[in-house]
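Notes follow once the structure below has been shown.
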Amino acid sequence: MRSNHNYLQLATAIAVSCSLILSACQLRDQSVEAKYANGGKNSTELNKPSNGRAVLTPEMEKNKIDVTTLESYKTNLAPLFDKLTESSGVSWNGIAKLKTWLIGAMDLKHLPVKHIAGADSAEDIPISRQSIYEIWIDSSAVEDYSDREKASLILHETLTSIYLMRGFKNLELCNLAMAADRNNEDCRARAKEADIALVADEMKSLNEESTSLANKTMDAHKKRIEQARLKAKFKNRHTPLKQEDYENIVTVKNYIEKHGDKLTYKALMNKMGENDFDLRVFSIKLKDTEDLSDTP
């Protein structure tokens with residue numbers, strides 16, 4: 001009898017425990033469902049970047065646009081870009097579409113991916129942001145812009161996109177840019193060789209700086225911080241722009257707008273080189289007919 005009594009007590013305890021666990025799981029599921037329902041403020045937590053790309057919600061997908069179809073682009077930028085394309089053999093329309101453009105009324109302070117560049121209004125209202133593979137523009141912040149002002153913003157973002165390509169390894173840049181020509185194995189072969197040399201140079205530099213740091217006399221805690229900073233420096237290529245970077249971009253943008261249709265490709269390349277632009281993408285002959293922005 002005692003054995004049966006103990007068994008009943010144990011069975012009751014197990015049943016109660018299971019009931020509590022099940023209730024807790026149901027409550028947790030309801031809590032999670034409520035947290036992310038209706039595209040709530042925390043819904044971006046579900047959209048973690050995939051290989052650096054933002055995972056877009058259905059609402060964000062509606063804001064994707066081919067920037068070359070905008071009237072401000074066609075009227076103010078296309079004629080110049082067509083001329084540069086003709087003289088260089090590199091499609092500037094293709095370069096403009098290397099990243100995914102998202103234009104719509106949106107809160108740029110809460111993006112589903114870390115941004116590394118952006119422009120604000122005089123009142124510090126976010127107008128645009130760029131992540132590694134995306135360009136985000138809040139249409140409500142520029143609704144009073146003229147077509148020429150909108151074109152100037154598009155030009156600024158296109159130049160910023162080119163400037164940020166410094167964060168890509170050669171093979172990554174090749175894979176991005178050659179989306180229009182998947183059979184260009186020569187490009188990929190050269191990119192792999194260049195990356196091997198690049199990594200070797202970086203490892204040499206890292207070892208030299210690490211040795212120098214190891215020989216310094218400083219507080220052990222500070223030294224550990226410096227060592228972590230040093231490793232991060234070589235690990236993360238896609239770093240946020242600094243003030244001097246923005247000044248370089250604005251200098252080139254103003255140069256383009258000043259010279260207009262009198263601008264030559266050679267003069268532009270010289271000006272971009274003087275202002276620390278990454279010019280590797282111009283060595284790849286982009287086509288003009290492909291939508292490259294969604295290619296992995």
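Labeling convention for the structure tokens: chains A, B, ... as they appear, residues from 1 per chain, ligands from 1 in order of appearance.
Within segment 73-142 of chain A, the backbone-based DSSP assignment of helix (DSSP H, G or I) covers Tyr73, Lys74, Thr75, Asn76, Ala78, Pro79, Leu80, Phe81, Asp82, Lys83, Leu84, Thr85, Glu86, Ser87, Ser88, Trp92, Asn93, Gly94, Ile95, Ala96, Ser139, Ser140 and Ala141 of chain A.
The coordinates place atom CA of Lys114 of chain A at 6.2 Å from atom CA of Ser131 of chain A.
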Exercise. Taking only C-alpha atoms into account, which of A:Thr264, A:Thr75, A:Thr239, A:Ser88 comes nearest Met165 of chain A?
Worked result: A:Thr239
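When only C-alpha atoms are used to measure the gap to Leu56 of chain A, the shortest distance among A:Gln130, A:Ile95, A:Asn215, A:Leu102 belongs to A:Leu102.
With atom CA of Thr158 of chain A on one side and atom CA of Ala54 of chain A on the other, the separation reads 18.7 Å.
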